[in-house]
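Here's the structure we're looking at; comments come further down.
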Amino acid sequence: MLTGLLPPHHGVRDNIGFRLAPEHATLATRFRAAGLRTGGAVSAYVLRTSTGIAQGFDFYDDAIEVTGGTESIGNLQRDGAVTVAALSQWIAEQKGARVFAFLHLYEPHSPYTPPPQHRGHALPYDGEIAYADELVGRLLDGLQAAGLYDRAIIALTSDHGEGLRDHGEDEHGIFLYREAVHVPLVLRLPRGLRAGARVRGTVAQDDIAPTLLDLAGIAASGLDGVSLRGVLSGAAPASGPVYSETFFPRYHLGWSELFAATDDRYRYVRAPRPELFDLSTDGGEKRNLADERAAVAASMNRWLEQRGAAAAASAPEEVPADVREKLAALGYVGTASTRSSSGARPDPKDHIAAYEDFKAGLSLRLAGRRTEAVEQLRKVVASNPDLRDAWEILGATLVELDRKKEAVEAFDRTIALDPTSAEPHLELARLLVLDGRRDAALEQAAEYARRSLEADPRRVMSHFALGVVAQRAGRYEEALAAFRRTEEANRLQKDSVVLGLHARMADCLARLGRDADAEREFQAEIRAVPWSREGRVGLAMLYRSQGRDAEARTAVEGLVDAAPRPDPETYWTVIKTLSVLGDAAAAREWAARARARFPRDARFRP
C-alpha cells in the first residue's frame, strides 16, 4: 500500500523479523521529495519506527506506551482516538501547507472491546467496526472544520478481514479466502467528484500508491501497482488477477506458505493442495474446482510464479525476546523462525484446528492461568509434535510454574526443531545451571552463540548469550565486552531494549569494584524498563553495600510504583529484597499490603 510494490519485491514477508529496506521508497518518501510535508500516526506496536515503515515521514507518532511488567494487548495498541488526535494536531500545525497524512487504526482487532457507546451491537466485533467508523469521521470532521476537506484526496482501506471460523480460522494470518483478503477501498476526490459511484471489478492495494501519486501530479515508475485514475473517470478496471500471500504459516508454524491470485471470477490458492473457486457461483469458497478446471488453475499458478511466488524468500532476522513477547500479545504468536526451507511443508488446511488450540494456550498464559495453559499446550504438542513455537511457549510457561525438569524437556524439543534460535538455547542453559549442570550448560550455550555469530555477526541475542556465559563463569571483563557488543548490535538493529542488558553490565562492574559505573548501568536499566526487577533489586543491593539504606529501600519499593498492574510476584520481590537488606519492619509492612491485595496467596500470610 505504501510502496506500490508486491511483497516479493519489497521483501517484507511477515510482521516479525523483517524491516523495509531504505532503497524501497514509500509514499511519504516520494511526497516529501515533491515538497509536501509528511506526517503519520499509528495505533499498534507492529508499525513501530524500527520496522522501516516510518521512512520519509517528517512526523511519525508511534508512541505506544508500555505500562506494565508483562505484555498485554492493552499495552501494545492505543485507542484510535489518541491516534486521530495526534495526527489532527499535526495537520493543524501545518497551517494549510500541502501535506501527505497517514492514519493507522487498530480497531477492530481481537480482543474485541468496543467503547460503551458501541456495545449495543450483537457482536463486539461489529462494535469495534462501528467505533473505527466513528474515528474516521472525527478525522474528516476536523478536515472540514479547517477548510481542508473540499480539496483533499482521501483513500480509506483495511489490511485484512477476519476469518470468524468461516474456514476454521478465528482471526487472520493463515488463509487467503475472501473473508480475509476482500477489503474495502474508498477514494474521495476533491470537490466530491464522482461522489457515491461504485466501481465493480478487482483492484489491488499496490494500486493505491501509484493512484495517489498520479492524482497529485507526481510521476512514479518501477511500481507493481497501476494508477486507477482512469477507473475514477468511469473506465472499467483491468481484468487481470491481483496478488495475495501469507508466510505466517511457514515462519511461525512450520507449515506451507500460501499464495492467491484473484480476478473478477476466480480465486486460485497455491498450496500443497491447490484450490480454485468460482466466485460467481460460490462466494463462500466451499467447492474446490482445481481438478475440474485444471487449465484455469494452471494459468493462474503461472501468473503467480511470474510475480515471484516461486522465488525463494529471505529468512527473517533474529527477534529479541521482548519484541517477540509484544507481538505475541497482539496475536502474532511465536517468533519468526530461521529453520530450513527445504522439504515439503504441511498444508495449513490440515492443521488449522491445532493452530486455534495453540492460540488458546497462549491466551491462557497471557491471562496468568499457567496451569491450564500447560494442559492446553500439552494437548497441542501431543497431536502436533513438530509445532516448534508450542514447545517453546510450553517451556516458558513451565519455567514460570517452577517445573524445571519438564521445562528442560520442552526446550530440548524446541532446539531439536529449530537449532539456530537463540532464546531456547539461553533458557535451557539457565535451567541446566540451576539444576547443577553448570559447566555443560555454559559450554553448550557458548558453542551455540559462536556458531550463530559465524553465520551472522549481527545477531543481538547471540552476543548477549556469550556475555551471559562469561558472566556466569566469573569472567566479568569478557562478559562486559560481549554485553557492549550486544548494545552496539542492538543499536544498529534499531529495534528494542534487550531486557536485563544494563543490569547484567552493572552486576559485572560491581563485581569488578567499579561501583559508580555499576550505579549508572543500573539506572540505565531502570530508565529503559522502569519495572525491571534486575535493575531495581541490583541497585538496592549496591546501595546497601555502600551504607545507603534509605536509597536502597526507595529503589526496590519503586518496583510496585512502576507497574500500574503489579502482580503478586512484584510484591514478593519487594518483600524478599527488603528482608535481605535487613529491613524486617518494611518487609512486614509490604507483606500486609500484599495480603490485603492478594488474600489467597499463601506467601503473604503471617
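Residues are named by chain letter and number: chains run A, B, ... in the order of the C-alpha cells, numbers start at 1 in each chain, and ligands are numbered from 1 in the order shown.
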Residues within 12 Å of range 476-478 of chain A, please, as a PDB file with N, CA and C atoms, in the first residue's frame. Count only C-alpha atoms; anything in the same chain fewer than 2 positions from it doesn't count.
ATOM      1  N   HIS A 463      25.323 -12.391  20.801  1.00  0.00           N
ATOM      2  CA  HIS A 463      26.300 -11.616  21.582  1.00  0.00           C
ATOM      3  C   HIS A 463      25.911 -11.628  23.062  1.00  0.00           C
ATOM      4  N   PHE A 464      24.618 -11.449  23.309  1.00  0.00           N
ATOM      5  CA  PHE A 464      24.131 -11.449  24.685  1.00  0.00           C
ATOM      6  C   PHE A 464      24.400 -12.793  25.353  1.00  0.00           C
ATOM      7  N   LEU A 466      26.831 -14.924  24.767  1.00  0.00           N
ATOM      8  CA  LEU A 466      28.245 -15.026  25.140  1.00  0.00           C
ATOM      9  C   LEU A 466      28.529 -14.215  26.402  1.00  0.00           C
ATOM     10  N   GLY A 467      27.864 -13.069  26.534  1.00  0.00           N
ATOM     11  CA  GLY A 467      28.035 -12.281  27.744  1.00  0.00           C
ATOM     12  C   GLY A 467      27.512 -12.994  28.969  1.00  0.00           C
ATOM     13  N   VAL A 468      26.335 -13.606  28.851  1.00  0.00           N
ATOM     14  CA  VAL A 468      25.748 -14.340  29.975  1.00  0.00           C
ATOM     15  C   VAL A 468      26.645 -15.502  30.379  1.00  0.00           C
ATOM     16  N   VAL A 469      27.160 -16.230  29.390  1.00  0.00           N
ATOM     17  CA  VAL A 469      28.037 -17.370  29.676  1.00  0.00           C
ATOM     18  C   VAL A 469      29.277 -16.905  30.433  1.00  0.00           C
ATOM     19  N   ALA A 470      29.910 -15.844  29.945  1.00  0.00           N
ATOM     20  CA  ALA A 470      31.116 -15.347  30.612  1.00  0.00           C
ATOM     21  C   ALA A 470      30.799 -14.822  32.008  1.00  0.00           C
ATOM     22  N   GLN A 471      29.666 -14.164  32.164  1.00  0.00           N
ATOM     23  CA  GLN A 471      29.268 -13.648  33.475  1.00  0.00           C
ATOM     24  C   GLN A 471      29.077 -14.787  34.465  1.00  0.00           C
ATOM     25  N   ARG A 472      28.363 -15.829  34.056  1.00  0.00           N
ATOM     26  CA  ARG A 472      28.103 -16.951  34.955  1.00  0.00           C
ATOM     27  C   ARG A 472      29.388 -17.699  35.296  1.00  0.00           C
ATOM     28  N   ALA A 473      30.356 -17.645  34.384  1.00  0.00           N
ATOM     29  CA  ALA A 473      31.634 -18.313  34.643  1.00  0.00           C
ATOM     30  C   ALA A 473      32.586 -17.437  35.449  1.00  0.00           C
ATOM     31  N   GLY A 474      32.173 -16.213  35.778  1.00  0.00           N
ATOM     32  CA  GLY A 474      33.012 -15.325  36.573  1.00  0.00           C
ATOM     33  C   GLY A 474      34.038 -14.557  35.769  1.00  0.00           C
ATOM     34  N   LEU A 480      31.602  -8.110  30.033  1.00  0.00           N
ATOM     35  CA  LEU A 480      31.338  -6.710  29.708  1.00  0.00           C
ATOM     36  C   LEU A 480      31.561  -6.429  28.228  1.00  0.00           C
ATOM     37  N   ALA A 481      32.642  -6.982  27.689  1.00  0.00           N
ATOM     38  CA  ALA A 481      32.928  -6.769  26.269  1.00  0.00           C
ATOM     39  C   ALA A 481      31.807  -7.335  25.404  1.00  0.00           C
ATOM     40  N   ALA A 482      31.312  -8.520  25.768  1.00  0.00           N
ATOM     41  CA  ALA A 482      30.222  -9.132  24.996  1.00  0.00           C
ATOM     42  C   ALA A 482      28.938  -8.319  25.126  1.00  0.00           C
ATOM     43  N   PHE A 483      28.671  -7.810  26.331  1.00  0.00           N
ATOM     44  CA  PHE A 483      27.457  -7.012  26.521  1.00  0.00           C
ATOM     45  C   PHE A 483      27.540  -5.692  25.743  1.00  0.00           C
ATOM     46  N   ARG A 484      28.734  -5.126  25.640  1.00  0.00           N
ATOM     47  CA  ARG A 484      28.878  -3.900  24.846  1.00  0.00           C
ATOM     48  C   ARG A 484      28.671  -4.189  23.359  1.00  0.00           C
ATOM     49  N   ARG A 485      29.127  -5.354  22.916  1.00  0.00           N
ATOM     50  CA  ARG A 485      28.853  -5.745  21.526  1.00  0.00           C
ATOM     51  C   ARG A 485      27.351  -5.947  21.318  1.00  0.00           C
ATOM     52  N   ARG A 504      22.872  -6.594  33.801  1.00  0.00           N
ATOM     53  CA  ARG A 504      23.985  -7.548  33.780  1.00  0.00           C
ATOM     54  C   ARG A 504      25.324  -6.820  33.678  1.00  0.00           C
ATOM     55  N   MET A 505      25.369  -5.765  32.892  1.00  0.00           N
ATOM     56  CA  MET A 505      26.592  -4.967  32.828  1.00  0.00           C
ATOM     57  C   MET A 505      26.904  -4.379  34.202  1.00  0.00           C
ATOM     58  N   ALA A 506      25.872  -3.901  34.875  1.00  0.00           N
ATOM     59  CA  ALA A 506      26.064  -3.328  36.206  1.00  0.00           C
ATOM     60  C   ALA A 506      26.584  -4.366  37.190  1.00  0.00           C
ATOM     61  N   ASP A 507      26.038  -5.579  37.126  1.00  0.00           N
ATOM     62  CA  ASP A 507      26.493  -6.648  38.014  1.00  0.00           C
ATOM     63  C   ASP A 507      27.977  -6.929  37.807  1.00  0.00           C
ATOM     64  N   CYS A 508      28.405  -6.997  36.549  1.00  0.00           N
ATOM     65  CA  CYS A 508      29.823  -7.238  36.262  1.00  0.00           C
ATOM     66  C   CYS A 508      30.687  -6.101  36.803  1.00  0.00           C
ATOM     67  N   LEU A 509      30.248  -4.877  36.585  1.00  0.00           N
ATOM     68  CA  LEU A 509      31.012  -3.723  37.054  1.00  0.00           C
ATOM     69  C   LEU A 509      31.118  -3.712  38.574  1.00  0.00           C
ATOM     70  N   ALA A 510      30.024  -4.034  39.251  1.00  0.00           N
ATOM     71  CA  ALA A 510      30.051  -4.067  40.715  1.00  0.00           C
ATOM     72  C   ALA A 510      31.030  -5.123  41.214  1.00  0.00           C
ATOM     73  N   ARG A 511      31.043  -6.284  40.570  1.00  0.00           N
ATOM     74  CA  ARG A 511      31.954  -7.352  40.985  1.00  0.00           C
ATOM     75  C   ARG A 511      33.410  -7.007  40.696  1.00  0.00           C
ATOM     76  N   LEU A 512      33.629  -6.074  39.768  1.00  0.00           N
ATOM     77  CA  LEU A 512      34.984  -5.605  39.475  1.00  0.00           C
ATOM     78  C   LEU A 512      35.359  -4.395  40.328  1.00  0.00           C
ATOM     79  N   GLY A 513      34.467  -4.006  41.261  1.00  0.00           N
ATOM     80  CA  GLY A 513      34.755  -2.899  42.157  1.00  0.00           C
ATOM     81  C   GLY A 513      34.518  -1.529  41.562  1.00  0.00           C
ATOM     82  N   ARG A 514      33.814  -1.458  40.446  1.00  0.00           N
ATOM     83  CA  ARG A 514      33.568  -0.177  39.777  1.00  0.00           C
ATOM     84  C   ARG A 514      32.141   0.277  40.103  1.00  0.00           C
TER      85      ARG A 514
END
- [ ] Write out as a PyMOL selection string which residues come within 12 Å of Glu275 in chain A when counting only C-alpha atoms, dropping same-chain ones fewer than 3 positions away.
- [x] chain A and resi 175-177+258-262+266-272+278+285-294+296-298+300-301+347+349
TODO: Report as a PyMOL selection string: the residues of range 223-259 of chain A with a DSSP assignment of strand (DSSP E or B), based on the backbone of this structure.
DONE: chain A and resi 242-246+258-259
Save the residues we just selected, N, CA and C atoms, as an mmCIF file, in the first residue's frame?
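Printed below is part_25.cif as written:
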data_model
loop_
_atom_site.group_PDB
_atom_site.id
_atom_site.type_symbol
_atom_site.label_atom_id
_atom_site.label_comp_id
_atom_site.auth_asym_id
_atom_site.auth_seq_id
_atom_site.Cartn_x
_atom_site.Cartn_y
_atom_site.Cartn_z
ATOM 1 N N VAL A 242 -5.195 -10.149 -9.072
ATOM 2 C CA VAL A 242 -4.422 -9.455 -8.046
ATOM 3 C C VAL A 242 -3.766 -10.500 -7.154
ATOM 4 N N TYR A 243 -2.706 -10.074 -6.471
ATOM 5 C CA TYR A 243 -1.801 -10.976 -5.758
ATOM 6 C C TYR A 243 -2.029 -10.911 -4.252
ATOM 7 N N SER A 244 -2.011 -12.068 -3.594
ATOM 8 C CA SER A 244 -2.035 -12.137 -2.124
ATOM 9 C C SER A 244 -1.063 -13.225 -1.687
ATOM 10 N N GLU A 245 -0.521 -13.078 -0.501
ATOM 11 C CA GLU A 245 0.348 -14.123 0.050
ATOM 12 C C GLU A 245 0.270 -14.102 1.567
ATOM 13 N N THR A 246 0.619 -15.219 2.191
ATOM 14 C CA THR A 246 0.846 -15.277 3.637
ATOM 15 C C THR A 246 1.997 -16.227 3.920
ATOM 16 N N LEU A 258 1.260 -19.682 1.621
ATOM 17 C CA LEU A 258 0.177 -19.720 0.643
ATOM 18 C C LEU A 258 0.245 -18.476 -0.242
ATOM 19 N N PHE A 259 -0.164 -18.637 -1.498
ATOM 20 C CA PHE A 259 -0.287 -17.523 -2.435
ATOM 21 C C PHE A 259 -1.673 -17.595 -3.071
#
- [ ] as an MDAnalysis selection string, please: all residues of range 452-568 of chain A that backbone DSSP puts in helix (DSSP H, G or I).
- [x] chainID A and resid 452:455 460:472 476:493 501:511 515:528 533:545 549:562 568
Taking C-alpha atoms for each residue, export the selection above as a PDB file, in the first residue's frame.
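Result written to again.pdb:
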ATOM      1  CA  SER A 452      25.393 -18.329  15.397  1.00  0.00           C
ATOM      2  CA  LEU A 453      27.721 -15.325  15.115  1.00  0.00           C
ATOM      3  CA  GLU A 454      29.832 -17.030  12.470  1.00  0.00           C
ATOM      4  CA  ALA A 455      26.675 -17.249  10.371  1.00  0.00           C
ATOM      5  CA  VAL A 460      21.963  -9.420  19.036  1.00  0.00           C
ATOM      6  CA  MET A 461      20.945 -12.277  21.298  1.00  0.00           C
ATOM      7  CA  SER A 462      23.971 -14.377  20.370  1.00  0.00           C
ATOM      8  CA  HIS A 463      26.300 -11.616  21.582  1.00  0.00           C
ATOM      9  CA  PHE A 464      24.131 -11.449  24.685  1.00  0.00           C
ATOM     10  CA  ALA A 465      24.444 -15.217  25.162  1.00  0.00           C
ATOM     11  CA  LEU A 466      28.245 -15.026  25.140  1.00  0.00           C
ATOM     12  CA  GLY A 467      28.035 -12.281  27.744  1.00  0.00           C
ATOM     13  CA  VAL A 468      25.748 -14.340  29.975  1.00  0.00           C
ATOM     14  CA  VAL A 469      28.037 -17.370  29.676  1.00  0.00           C
ATOM     15  CA  ALA A 470      31.116 -15.347  30.612  1.00  0.00           C
ATOM     16  CA  GLN A 471      29.268 -13.648  33.475  1.00  0.00           C
ATOM     17  CA  ARG A 472      28.103 -16.951  34.955  1.00  0.00           C
ATOM     18  CA  TYR A 476      33.487 -10.323  34.118  1.00  0.00           C
ATOM     19  CA  GLU A 477      35.718  -8.285  31.778  1.00  0.00           C
ATOM     20  CA  GLU A 478      34.955 -10.730  28.975  1.00  0.00           C
ATOM     21  CA  ALA A 479      31.262 -10.510  29.808  1.00  0.00           C
ATOM     22  CA  LEU A 480      31.338  -6.710  29.708  1.00  0.00           C
ATOM     23  CA  ALA A 481      32.928  -6.769  26.269  1.00  0.00           C
ATOM     24  CA  ALA A 482      30.222  -9.132  24.996  1.00  0.00           C
ATOM     25  CA  PHE A 483      27.457  -7.012  26.521  1.00  0.00           C
ATOM     26  CA  ARG A 484      28.878  -3.900  24.846  1.00  0.00           C
ATOM     27  CA  ARG A 485      28.853  -5.745  21.526  1.00  0.00           C
ATOM     28  CA  THR A 486      25.236  -6.634  22.285  1.00  0.00           C
ATOM     29  CA  GLU A 487      24.437  -2.977  22.867  1.00  0.00           C
ATOM     30  CA  GLU A 488      26.100  -1.929  19.619  1.00  0.00           C
ATOM     31  CA  ALA A 489      24.433  -4.667  17.555  1.00  0.00           C
ATOM     32  CA  ASN A 490      21.070  -3.728  19.036  1.00  0.00           C
ATOM     33  CA  ARG A 491      21.681  -0.055  18.289  1.00  0.00           C
ATOM     34  CA  LEU A 492      22.324  -0.916  14.648  1.00  0.00           C
ATOM     35  CA  GLN A 493      19.175  -3.034  14.533  1.00  0.00           C
ATOM     36  CA  LEU A 501      21.342  -5.984  29.457  1.00  0.00           C
ATOM     37  CA  HIS A 502      22.250  -2.934  31.553  1.00  0.00           C
ATOM     38  CA  ALA A 503      21.540  -4.811  34.790  1.00  0.00           C
ATOM     39  CA  ARG A 504      23.985  -7.548  33.780  1.00  0.00           C
ATOM     40  CA  MET A 505      26.592  -4.967  32.828  1.00  0.00           C
ATOM     41  CA  ALA A 506      26.064  -3.328  36.206  1.00  0.00           C
ATOM     42  CA  ASP A 507      26.493  -6.648  38.014  1.00  0.00           C
ATOM     43  CA  CYS A 508      29.823  -7.238  36.262  1.00  0.00           C
ATOM     44  CA  LEU A 509      31.012  -3.723  37.054  1.00  0.00           C
ATOM     45  CA  ALA A 510      30.051  -4.067  40.715  1.00  0.00           C
ATOM     46  CA  ARG A 511      31.954  -7.352  40.985  1.00  0.00           C
ATOM     47  CA  ASP A 515      30.599   0.933  41.861  1.00  0.00           C
ATOM     48  CA  ALA A 516      29.997   4.310  40.211  1.00  0.00           C
ATOM     49  CA  ASP A 517      29.861   2.729  36.759  1.00  0.00           C
ATOM     50  CA  ALA A 518      27.622  -0.037  38.106  1.00  0.00           C
ATOM     51  CA  GLU A 519      25.184   2.519  39.527  1.00  0.00           C
ATOM     52  CA  ARG A 520      24.963   4.272  36.149  1.00  0.00           C
ATOM     53  CA  GLU A 521      24.171   0.988  34.388  1.00  0.00           C
ATOM     54  CA  PHE A 522      21.511   0.015  36.942  1.00  0.00           C
ATOM     55  CA  GLN A 523      19.936   3.435  36.448  1.00  0.00           C
ATOM     56  CA  ALA A 524      20.082   2.931  32.663  1.00  0.00           C
ATOM     57  CA  GLU A 525      18.225  -0.374  33.048  1.00  0.00           C
ATOM     58  CA  ILE A 526      15.522   1.306  35.133  1.00  0.00           C
ATOM     59  CA  ARG A 527      15.162   4.174  32.652  1.00  0.00           C
ATOM     60  CA  ALA A 528      14.729   1.680  29.818  1.00  0.00           C
ATOM     61  CA  ARG A 533      13.357  -6.416  38.807  1.00  0.00           C
ATOM     62  CA  GLU A 534      17.011  -6.987  37.948  1.00  0.00           C
ATOM     63  CA  GLY A 535      17.610  -3.252  37.761  1.00  0.00           C
ATOM     64  CA  ARG A 536      15.831  -2.254  40.958  1.00  0.00           C
ATOM     65  CA  VAL A 537      16.950  -5.175  43.105  1.00  0.00           C
ATOM     66  CA  GLY A 538      20.524  -4.851  41.870  1.00  0.00           C
ATOM     67  CA  LEU A 539      20.591  -1.121  42.557  1.00  0.00           C
ATOM     68  CA  ALA A 540      19.162  -1.686  46.038  1.00  0.00           C
ATOM     69  CA  MET A 541      21.883  -4.226  46.822  1.00  0.00           C
ATOM     70  CA  LEU A 542      24.559  -1.858  45.542  1.00  0.00           C
ATOM     71  CA  TYR A 543      23.233   0.965  47.731  1.00  0.00           C
ATOM     72  CA  ARG A 544      23.116  -1.386  50.740  1.00  0.00           C
ATOM     73  CA  SER A 545      26.772  -2.308  50.237  1.00  0.00           C
ATOM     74  CA  ASP A 549      19.989   2.145  53.240  1.00  0.00           C
ATOM     75  CA  ALA A 550      17.241   4.699  52.604  1.00  0.00           C
ATOM     76  CA  GLU A 551      18.081   4.843  48.897  1.00  0.00           C
ATOM     77  CA  ALA A 552      18.156   1.045  48.778  1.00  0.00           C
ATOM     78  CA  ARG A 553      14.622   0.857  50.158  1.00  0.00           C
ATOM     79  CA  THR A 554      13.374   3.528  47.754  1.00  0.00           C
ATOM     80  CA  ALA A 555      14.900   1.720  44.783  1.00  0.00           C
ATOM     81  CA  VAL A 556      13.196  -1.598  45.436  1.00  0.00           C
ATOM     82  CA  GLU A 557       9.864  -0.154  46.600  1.00  0.00           C
ATOM     83  CA  GLY A 558       9.724   1.742  43.320  1.00  0.00           C
ATOM     84  CA  LEU A 559       9.133  -1.591  41.609  1.00  0.00           C
ATOM     85  CA  VAL A 560       5.467  -1.527  42.658  1.00  0.00           C
ATOM     86  CA  ASP A 561       5.001   2.115  41.702  1.00  0.00           C
ATOM     87  CA  ALA A 562       6.494   1.488  38.246  1.00  0.00           C
ATOM     88  CA  PRO A 568       1.854 -10.999  43.432  1.00  0.00           C
TER      89      PRO A 568
END
- [ ] Go ahead and compute the interatomic distance for CA of Ala367 in chain A and CA of Arg600 in chain A, in Å to one decimal.
- [x]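 Value for the CA of Ala367 in chain A-CA of Arg600 in chain A distance: 17.5 Å.
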TODO: Fewer than 5 positions away in the same chain doesn't count, so skip those; otherwise give me all residues within 10 Å of Arg151 in chain A, counting only C-alpha atoms, as a list of chain:residue names.
DONE: A:Leu143, A:Gln144, A:Arg188, A:Leu189, A:Pro190, A:Arg191, A:Gly192
Open item on the list: So the first atom is CA of Ala132 in chain A and the second is CA of Pro108 in chain A; what is the distance between them in Å, to one decimal place?
Closed with: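 Interatomic distance, CA of Ala132 in chain A to CA of Pro108 in chain A: 7.0 Å.
The shell of residues at most 10 Å from Arg265 in chain A, with only C-alpha atoms counted and near chain neighbours (fewer than 4 positions) removed, consists of Gly201, Thr202, Ser239, Pro241, Phe277, Asp278, Leu279, Ser280, Thr281, Asp282 and Gly283 of chain A.
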Task: Distance criterion (only C-alpha atoms): nearest to Leu5 in chain A out of A:Gly582, A:Gly225, A:Gly234, A:Gly368 - done: A:Gly225
TODO: Between A:Tyr355, A:Trp531, A:Tyr149, A:Phe31, single out the one closest to Ile218 in chain A, counting only C-alpha atoms.
DONE: A:Phe31
Task: Gap from CA of Leu135 in chain A to CA of Leu105 in chain A - Å, one decimal - done: 8.5 Å
Open item on the list: From the options A:Glu169, A:Asp601, A:Glu128, A:Glu162, which residue's atoms come nearest to Val181 in chain A, counting only C-alpha atoms?
Closed with: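 Closest candidate: A:Glu162.
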Task: Residues near range 51-60 of chain A, cut-off 10 Å, only C-alpha atoms, skip fewer than 2 positions along chain, as a ChimeraX atom specification - done: /A:2-3,12,15-22,24-33,36-42,45-49,62-63,86-87,90,100-102,493-495
Store the residues picked out above, limited to C-alpha atoms, as a PDB file, in the first residue's frame.
ATOM      1  CA  LEU A   2       2.742   2.492   0.912  1.00  0.00           C
ATOM      2  CA  THR A   3       5.337   1.340  -1.641  1.00  0.00           C
ATOM      3  CA  VAL A  12       8.768  -7.746   3.925  1.00  0.00           C
ATOM      4  CA  ASN A  15       5.344  -8.730  10.895  1.00  0.00           C
ATOM      5  CA  ILE A  16       8.239 -10.378  12.745  1.00  0.00           C
ATOM      6  CA  GLY A  17      11.859 -10.492  11.638  1.00  0.00           C
ATOM      7  CA  PHE A  18      11.636  -8.103   8.674  1.00  0.00           C
ATOM      8  CA  ARG A  19      12.111  -4.380   8.086  1.00  0.00           C
ATOM      9  CA  LEU A  20      11.560  -2.295   4.979  1.00  0.00           C
ATOM     10  CA  ALA A  21      14.897  -1.528   3.314  1.00  0.00           C
ATOM     11  CA  PRO A  22      15.724   2.165   2.706  1.00  0.00           C
ATOM     12  CA  HIS A  24      12.259   0.998  -1.297  1.00  0.00           C
ATOM     13  CA  ALA A  25      10.670   4.438  -1.456  1.00  0.00           C
ATOM     14  CA  THR A  26       7.383   4.875   0.377  1.00  0.00           C
ATOM     15  CA  LEU A  27       4.598   7.301  -0.426  1.00  0.00           C
ATOM     16  CA  ALA A  28       5.982   9.520   2.321  1.00  0.00           C
ATOM     17  CA  THR A  29       9.431   9.490   0.703  1.00  0.00           C
ATOM     18  CA  ARG A  30       8.022  10.404  -2.709  1.00  0.00           C
ATOM     19  CA  PHE A  31       5.652  13.091  -1.433  1.00  0.00           C
ATOM     20  CA  ARG A  32       8.370  14.691   0.696  1.00  0.00           C
ATOM     21  CA  ALA A  33      10.686  14.787  -2.320  1.00  0.00           C
ATOM     22  CA  LEU A  36       4.890  18.072   0.689  1.00  0.00           C
ATOM     23  CA  ARG A  37       5.071  17.846   4.448  1.00  0.00           C
ATOM     24  CA  THR A  38       4.567  14.267   5.606  1.00  0.00           C
ATOM     25  CA  GLY A  39       3.029  13.036   8.843  1.00  0.00           C
ATOM     26  CA  GLY A  40       1.819   9.718  10.184  1.00  0.00           C
ATOM     27  CA  ALA A  41       0.293   8.352  13.380  1.00  0.00           C
ATOM     28  CA  VAL A  42      -0.169   4.649  14.145  1.00  0.00           C
ATOM     29  CA  TYR A  45       3.442  -1.749  18.030  1.00  0.00           C
ATOM     30  CA  VAL A  46       3.581  -3.674  14.728  1.00  0.00           C
ATOM     31  CA  LEU A  47       4.107  -0.356  12.883  1.00  0.00           C
ATOM     32  CA  ARG A  48       6.848   0.999  15.154  1.00  0.00           C
ATOM     33  CA  THR A  49       9.553   3.137  13.568  1.00  0.00           C
ATOM     34  CA  ASP A  62       4.219   5.601  17.193  1.00  0.00           C
ATOM     35  CA  ALA A  63       4.176   6.328  20.928  1.00  0.00           C
ATOM     36  CA  ALA A  86      -2.165  13.254  17.301  1.00  0.00           C
ATOM     37  CA  LEU A  87      -2.476  13.342  13.521  1.00  0.00           C
ATOM     38  CA  TRP A  90      -0.046  17.788  13.284  1.00  0.00           C
ATOM     39  CA  PHE A 100       0.536  13.769   2.988  1.00  0.00           C
ATOM     40  CA  ALA A 101      -1.015  12.321   6.150  1.00  0.00           C
ATOM     41  CA  PHE A 102      -1.202   8.632   7.109  1.00  0.00           C
ATOM     42  CA  GLN A 493      19.175  -3.034  14.533  1.00  0.00           C
ATOM     43  CA  LYS A 494      17.208  -0.045  15.899  1.00  0.00           C
ATOM     44  CA  ASP A 495      14.573  -2.336  17.323  1.00  0.00           C
TER      45      ASP A 495
END
TODO: Rank A:Glu257, A:His104, A:Ala122, A:Asp166 by their smallest atom-to-atom distance to Pro274 in chain A, using only C-alpha atoms, and report the top residue only.
DONE: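 Nearest candidate to Pro274 in chain A out of A:Glu257, A:His104, A:Ala122, A:Asp166: A:Glu257.
Take the candidates A:Leu103, A:Ala145, A:Ala209, A:Leu253 and check each one against Gly173 in chain A using only C-alpha atoms; the shortest distance goes to A:Leu253.
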- [ ] Name all residues at most 12 Å from Gln376 in chain A (count only C-alpha atoms; drop same-chain ones fewer than 5 positions away) and give them as a ChimeraX atom specification.
- [x] /A:354-365,369-371,381-383,390-391,393-394,397
TODO: Fewer than 6 positions away in the same chain doesn't count, so skip those; otherwise give me all residues within 9 Å of Arg13 in chain A, counting only C-alpha atoms, as a list in words.
DONE: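 Close residues of Arg13 in chain A: Pro7, Glu245, Thr246, Phe247, Phe248, Ala313, Ser314 and Pro316 of chain A.
For the residues A:Glu392, A:Glu372, A:Ala353, A:Ser421, ranking by smallest atom-to-atom distance to Ala407 in chain A using only C-alpha atoms places A:Glu392 first.
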